[in-house]
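Heads up: the structure comes next, in structure tokens.
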Amino acid sequence: MNRKNLTAAVLAGLAGAAGIASTAQAVNMNPDGLGQVLIYPYYTVNGGNVTILSVVNTTGQGKAVKVRFLEGMNSVEVLDFNLYMSEYDVWAGAIIPDGNDGAALTVTDTSCTVPTIEGQDDQTQEFLTLAYAGGTVTEGDGGPDGRDRLTEGYFEMIEMGTIEEGSPVEAATTHVTDPTAEGYGYPGDCDAHVGLWSIRDDIVGAWLEDADLYLDPPSGGLFGGAAVVNAMKGSMYSYDARALQGYSMSIQHSVPGETEPNLGTGDVFTATVFLDDGATYEFDGLLALDAVSAVFMHDAVMNEYNTEDLGNDTRAASEWVVTFPTKRDYVEGAAREPFTSVWSDNDEDSINDGACEIVKFGPGEYGLWNREEETIPLTPPDPNNDDPVFSPSEIVPPDEPQIPTSNLCYEVNVIRFGALPEGADPDTYAGPSEILGSSRLLNINNTGLGFENGWASINLLDADDPNDDEDDGLERYLVDARLQPALGGLPVTGFWLSEFQNQFAPVNLPSGEAGSGTATQHYGGIFNHKGTRMVSTGSVSD
């Protein structure tokens, strides 16, 4: 496939011919953080962590919102329910270990959910394995069926509709704000929402017959965020949810527990993509899902890393989260562009364990730089000496130069930077990582390459293995309805989590006690990935 990047002149011509998309009529990533759809790239309960979360309704009308949590290997749904928010409402919760090797959602918020969470004795609902492990109506996905798949993933919130002003649903949803009134601080009647979805005494709930009743089309205005909190470390690392606007112009109010609405059920097939030079490009998708994918498309993502060891138990750690929020619908059964692989068994143990996409750290031979613009020259690894290579790596004879490549196999991928722990086998090491506690990760031994800190770039465009002469020239593109041009790379989001640890903080002893000491402190932050976008003018067919 012959393709070339668009020049500014060609972009201008396309804008004139195809028209610049109107963000009101097209899916777009709202840089101000408000939208109809919120994507939260990561949650974890591993390594002593919990994940707290919130969503805010900034508008003067109530909202019906689908809340969905997905495990990180194959984006299988592990908890799904409807949330009904009153005007200017905030709903908050926390994802915690469930005491049974899995995870659970706990809430102290009073906003209405169907089924109810706030009304349960402990206000906690366990995440469920049925969709991937199989149950009475599901066959599972053929992957690992343990509860540990619940402990790491991501989640999404989708506005299904705006609650009609003056309706009985608005009255049942709205919190009592008069401190002197009965039920102060609580919605008017959460059981009313349950009743509308239920059959009670042979009376069919109104929403079972007409799900659009008392609702108007979605209007946006939601924002949210989450944070990974570790009480033992005294650390908290927070991020903002990615906000999509223009996702749907129609009501998508569904029965709680259904897999709809989802990122592929919107009624908008176009997307406004903001290009690197400040221009905008209108993408016209074959499916509504493609429009959502388009706003996440990048041919490369990049960020920093830091693993400095300053001595005296003062050191830095870095982990990247790389999430493909629409991948699940491109890799089931048969791969669909831009993805090239399917959810399948990759190690011949009869268990599906990933839809692996080969990626290279680039541009450049290694795609890894220190803070002084230095990078590593390409040298063939030699099994007889200690020449540095990315780990885990394949040992090859010295006369067969190998360009380092890696596989990102999951919907949620964690990349750990730094040398392997002492005694770890580079062929089998999978964690747990120091910060997020992930045991499904890729390790980049930057210190083995001589770099303690710097930055790196992941090439998501090239899909070929440069070490295989028969696998040459393959590239990833999201095809649009006109078949050209197409967006290069993969739909991706995520962040770099940087953590520092030291033991210089003084311990404050109780009054009257003698002695002094220091305590280990952890602190750091989350930094969103940066990226580039590429539009191709070539044919999308071979």
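If you're wondering about the labels, chains in the structure tokens are A, B, ... by order shown, residues count from 1 in each chain, ligands from 1 in order shown.
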Exercise. In stretch 43-233 of chain A, what's strand (DSSP E) per DSSP? Answer as an MDAnalysis selection string?
Worked result: chainID A and resid 43:44 50:57 63:71 77:85 90:97 103:106 112:114 124:126 152:163 199:200 203:204 215:216 222:230
For this session: Write out as a PyMOL selection string each polymer residue whose atoms come within 10 Å of stretch 433-440 of chain A, counting only C-alpha atoms; drop sequence neighbours fewer than 3 positions from it.
Result: chain A and resi 43-50+72-73+148+151-152+228-230+233+235+317-321+409-410+412-417+421+429-430+443+497-499+522
Now that the selection is made, can you save its residues with N, CA and C atoms as a short mmCIF file (atom, residue, chain, number, x, y, z; two decimals), in the first residue's frame?
```
data_model
loop_
_atom_site.label_atom_id
_atom_site.label_comp_id
_atom_site.auth_asym_id
_atom_site.auth_seq_id
_atom_site.Cartn_x
_atom_site.Cartn_y
_atom_site.Cartn_z
N TYR A 43 -8.57 1.53 35.88
CA TYR A 43 -8.81 1.32 37.31
C TYR A 43 -7.96 0.15 37.78
N THR A 44 -7.64 0.10 39.06
CA THR A 44 -6.91 -1.03 39.63
C THR A 44 -7.23 -1.15 41.11
N VAL A 45 -7.24 -2.40 41.58
CA VAL A 45 -7.28 -2.67 43.02
C VAL A 45 -6.09 -3.53 43.41
N ASN A 46 -5.09 -3.60 42.54
CA ASN A 46 -3.89 -4.41 42.80
C ASN A 46 -2.89 -3.62 43.64
N GLY A 47 -2.00 -4.34 44.28
CA GLY A 47 -0.88 -3.73 44.99
C GLY A 47 -1.28 -2.78 46.10
N GLY A 48 -2.39 -3.04 46.75
CA GLY A 48 -2.84 -2.15 47.83
C GLY A 48 -3.58 -0.92 47.35
N ASN A 49 -3.87 -0.84 46.06
CA ASN A 49 -4.55 0.33 45.50
C ASN A 49 -6.06 0.17 45.53
N VAL A 50 -6.75 1.29 45.57
CA VAL A 50 -8.17 1.38 45.24
C VAL A 50 -8.30 2.52 44.23
N GLY A 72 -9.59 -5.56 31.89
CA GLY A 72 -8.57 -5.02 31.02
C GLY A 72 -8.04 -5.94 29.94
N MET A 73 -8.31 -7.25 29.99
CA MET A 73 -7.73 -8.14 28.98
C MET A 73 -8.47 -8.05 27.66
N ASP A 148 -9.25 -12.80 39.25
CA ASP A 148 -8.20 -11.79 39.16
C ASP A 148 -8.31 -10.94 37.89
N THR A 151 -9.60 -7.28 38.56
CA THR A 151 -8.86 -6.33 39.39
C THR A 151 -8.24 -5.17 38.63
N GLU A 152 -8.34 -5.17 37.29
CA GLU A 152 -7.67 -4.15 36.50
C GLU A 152 -8.47 -3.95 35.21
N VAL A 228 -6.13 6.82 41.53
CA VAL A 228 -5.59 5.60 42.14
C VAL A 228 -5.03 6.00 43.50
N VAL A 229 -5.56 5.40 44.54
CA VAL A 229 -5.21 5.77 45.91
C VAL A 229 -4.61 4.56 46.62
N ASN A 230 -3.50 4.78 47.31
CA ASN A 230 -2.87 3.73 48.10
C ASN A 230 -2.66 4.24 49.52
N LYS A 233 0.82 3.65 51.23
CA LYS A 233 1.87 4.53 50.72
C LYS A 233 1.59 5.99 51.03
N SER A 235 -0.41 7.74 48.95
CA SER A 235 -0.32 8.33 47.62
C SER A 235 -1.69 8.40 46.97
N ALA A 317 10.06 5.82 39.92
CA ALA A 317 9.50 4.71 39.16
C ALA A 317 8.52 5.27 38.14
N SER A 318 8.39 4.59 37.01
CA SER A 318 7.52 5.06 35.94
C SER A 318 6.75 3.89 35.34
N GLU A 319 5.46 4.11 35.14
CA GLU A 319 4.62 3.13 34.46
C GLU A 319 3.68 3.87 33.51
N TRP A 320 3.52 3.32 32.31
CA TRP A 320 2.58 3.87 31.35
C TRP A 320 1.33 3.00 31.29
N VAL A 321 0.17 3.62 31.16
CA VAL A 321 -1.07 2.93 30.83
C VAL A 321 -1.40 3.24 29.38
N CYS A 409 -1.10 -6.70 23.87
CA CYS A 409 -2.09 -7.74 23.62
C CYS A 409 -3.46 -7.44 24.20
N TYR A 410 -3.55 -6.47 25.10
CA TYR A 410 -4.80 -6.29 25.84
C TYR A 410 -5.47 -4.96 25.49
N VAL A 412 -6.27 -2.93 27.96
CA VAL A 412 -5.54 -2.08 28.89
C VAL A 412 -4.15 -2.68 29.08
N ASN A 413 -3.12 -1.94 28.72
CA ASN A 413 -1.75 -2.42 28.81
C ASN A 413 -0.96 -1.53 29.76
N VAL A 414 -0.15 -2.14 30.60
CA VAL A 414 0.74 -1.39 31.49
C VAL A 414 2.18 -1.64 31.04
N ILE A 415 2.92 -0.57 30.84
CA ILE A 415 4.33 -0.65 30.47
C ILE A 415 5.15 -0.15 31.66
N ARG A 416 6.00 -1.01 32.17
CA ARG A 416 6.86 -0.67 33.30
C ARG A 416 8.25 -0.34 32.78
N PHE A 417 8.83 0.74 33.25
CA PHE A 417 10.20 1.12 32.90
C PHE A 417 11.12 0.76 34.06
N PRO A 421 13.31 -6.84 38.56
CA PRO A 421 13.68 -7.14 39.94
C PRO A 421 14.74 -8.24 39.99
N TYR A 429 8.82 -12.81 33.26
CA TYR A 429 8.43 -11.76 34.21
C TYR A 429 7.19 -11.01 33.72
N ALA A 430 6.20 -10.90 34.60
CA ALA A 430 4.97 -10.18 34.26
C ALA A 430 4.48 -9.31 35.41
N ASN A 443 7.78 -4.87 30.07
CA ASN A 443 8.86 -4.20 30.77
C ASN A 443 9.87 -3.63 29.78
N LEU A 497 2.37 7.47 34.68
CA LEU A 497 2.30 7.65 36.12
C LEU A 497 3.72 7.65 36.65
N SER A 498 4.13 8.79 37.22
CA SER A 498 5.47 8.95 37.77
C SER A 498 5.38 8.99 39.29
N GLU A 499 6.18 8.14 39.94
CA GLU A 499 6.17 8.09 41.40
C GLU A 499 7.59 8.22 41.93
N HIS A 522 5.74 8.60 49.46
CA HIS A 522 5.52 8.39 48.03
C HIS A 522 4.73 9.57 47.48
#
```
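In terms of minimum interatomic distance to A:Lys66, A:Met157 ranks closest within A:Val255, A:Met534, A:Leu79, A:Met157, counting only C-alpha atoms.
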Could you give me, as a Markdown table, every stretch 245-336 of chain A residue with an atom at most 9 Å from stretch 22-42 of chain A, plus its closest atom pair and distance in Å to one decimal, counting only C-alpha atoms, rows ordered by chain then number?
```
| residue | atom | partner | partner_atom | distance |
| --- | --- | --- | --- | --- |
| A:Gln245 | CA | A:Gly35 | CA | 4.4 |
| A:Gly246 | CA | A:Val27 | CA | 4.4 |
| A:Tyr247 | CA | A:Val27 | CA | 5.0 |
| A:Ser248 | CA | A:Gln36 | CA | 8.0 |
| A:Met249 | CA | A:Gln25 | CA | 8.5 |
| A:Leu263 | CA | A:Val37 | CA | 8.5 |
| A:Val268 | CA | A:Ala26 | CA | 6.3 |
| A:Phe269 | CA | A:Ala26 | CA | 7.3 |
| A:Thr270 | CA | A:Ala26 | CA | 5.0 |
| A:Ala271 | CA | A:Val27 | CA | 4.4 |
| A:Thr272 | CA | A:Asn28 | CA | 5.2 |
| A:Val273 | CA | A:Asn28 | CA | 6.8 |
| A:Phe274 | CA | A:Asn28 | CA | 8.6 |
| A:Glu282 | CA | A:Ala26 | CA | 8.2 |
| A:Phe283 | CA | A:Ala26 | CA | 8.8 |
| A:Ala291 | CA | A:Val27 | CA | 6.3 |
| A:Val292 | CA | A:Val27 | CA | 6.5 |
| A:Ala294 | CA | A:Val27 | CA | 8.7 |
| A:Val295 | CA | A:Asn28 | CA | 6.1 |
| A:Phe296 | CA | A:Met29 | CA | 8.1 |
| A:Val321 | CA | A:Tyr42 | CA | 7.5 |
| A:Val322 | CA | A:Pro41 | CA | 8.1 |
| A:Thr323 | CA | A:Pro41 | CA | 6.1 |
| A:Phe324 | CA | A:Pro41 | CA | 8.6 |
| A:Pro325 | CA | A:Pro41 | CA | 7.6 |
```
For those residues, write N, CA and C atoms to a file as a short mmCIF file (atom, residue, chain, number, x, y, z; two decimals), in the first residue's frame.
```
data_model
loop_
_atom_site.label_atom_id
_atom_site.label_comp_id
_atom_site.auth_asym_id
_atom_site.auth_seq_id
_atom_site.Cartn_x
_atom_site.Cartn_y
_atom_site.Cartn_z
N GLN A 245 -18.17 14.52 22.76
CA GLN A 245 -19.41 15.22 22.48
C GLN A 245 -19.87 14.83 21.08
N GLY A 246 -21.16 15.03 20.79
CA GLY A 246 -21.68 14.73 19.47
C GLY A 246 -21.83 13.25 19.18
N TYR A 247 -21.84 12.40 20.21
CA TYR A 247 -21.89 10.95 20.03
C TYR A 247 -23.24 10.47 19.52
N SER A 248 -24.33 11.06 20.02
CA SER A 248 -25.66 10.61 19.62
C SER A 248 -26.64 11.77 19.69
N MET A 249 -27.57 11.77 18.75
CA MET A 249 -28.63 12.78 18.75
C MET A 249 -29.97 12.15 19.14
N LEU A 263 -20.21 2.12 22.82
CA LEU A 263 -19.51 3.08 21.97
C LEU A 263 -19.83 2.91 20.49
N VAL A 268 -24.30 8.90 15.13
CA VAL A 268 -23.47 9.85 14.40
C VAL A 268 -22.29 9.07 13.80
N PHE A 269 -22.11 9.18 12.49
CA PHE A 269 -21.09 8.41 11.79
C PHE A 269 -19.88 9.26 11.38
N THR A 270 -19.94 10.54 11.64
CA THR A 270 -18.82 11.42 11.30
C THR A 270 -18.11 11.85 12.57
N ALA A 271 -16.87 12.24 12.39
CA ALA A 271 -16.06 12.68 13.54
C ALA A 271 -15.21 13.87 13.12
N THR A 272 -15.04 14.80 14.03
CA THR A 272 -14.12 15.90 13.83
C THR A 272 -12.79 15.53 14.48
N VAL A 273 -11.76 15.42 13.65
CA VAL A 273 -10.44 15.02 14.12
C VAL A 273 -9.54 16.25 14.07
N PHE A 274 -8.94 16.58 15.19
CA PHE A 274 -8.04 17.73 15.27
C PHE A 274 -6.63 17.28 14.92
N GLU A 282 -12.78 16.08 8.65
CA GLU A 282 -14.03 15.36 8.84
C GLU A 282 -13.87 13.92 8.42
N PHE A 283 -13.96 13.03 9.38
CA PHE A 283 -13.90 11.60 9.12
C PHE A 283 -15.32 11.07 8.99
N ALA A 291 -16.49 6.30 14.07
CA ALA A 291 -16.43 7.73 14.38
C ALA A 291 -15.84 7.94 15.77
N VAL A 292 -16.21 7.07 16.73
CA VAL A 292 -15.63 7.16 18.07
C VAL A 292 -14.14 6.82 18.01
N ALA A 294 -12.15 7.23 15.59
CA ALA A 294 -11.40 8.26 14.86
C ALA A 294 -10.84 9.33 15.78
N VAL A 295 -11.59 9.71 16.81
CA VAL A 295 -11.10 10.80 17.67
C VAL A 295 -9.99 10.33 18.60
N PHE A 296 -9.81 9.01 18.72
CA PHE A 296 -8.71 8.46 19.53
C PHE A 296 -7.52 8.04 18.67
N VAL A 321 0.17 3.62 31.16
CA VAL A 321 -1.07 2.93 30.83
C VAL A 321 -1.40 3.24 29.38
N VAL A 322 -1.59 2.20 28.59
CA VAL A 322 -1.95 2.33 27.17
C VAL A 322 -3.25 1.57 26.96
N THR A 323 -4.34 2.31 26.74
CA THR A 323 -5.68 1.73 26.65
C THR A 323 -6.25 1.93 25.26
N PHE A 324 -6.84 0.87 24.71
CA PHE A 324 -7.52 0.92 23.41
C PHE A 324 -9.03 0.82 23.68
N PRO A 325 -9.74 1.94 23.84
CA PRO A 325 -11.11 1.90 24.36
C PRO A 325 -12.15 1.32 23.42
#
```
For this session: Using DSSP on the backbone coordinates, identify all residues within stretch 172-281 of chain A classified as helix (DSSP H, G or I); present the result as a VMD selection string.
Result: chain A and resid 172 to 173 190 to 196 206 to 209
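Atom pair atom CA of A:Ala92 / atom CA of A:Phe223 has a distance of 12.1 Å (rounded to one decimal).
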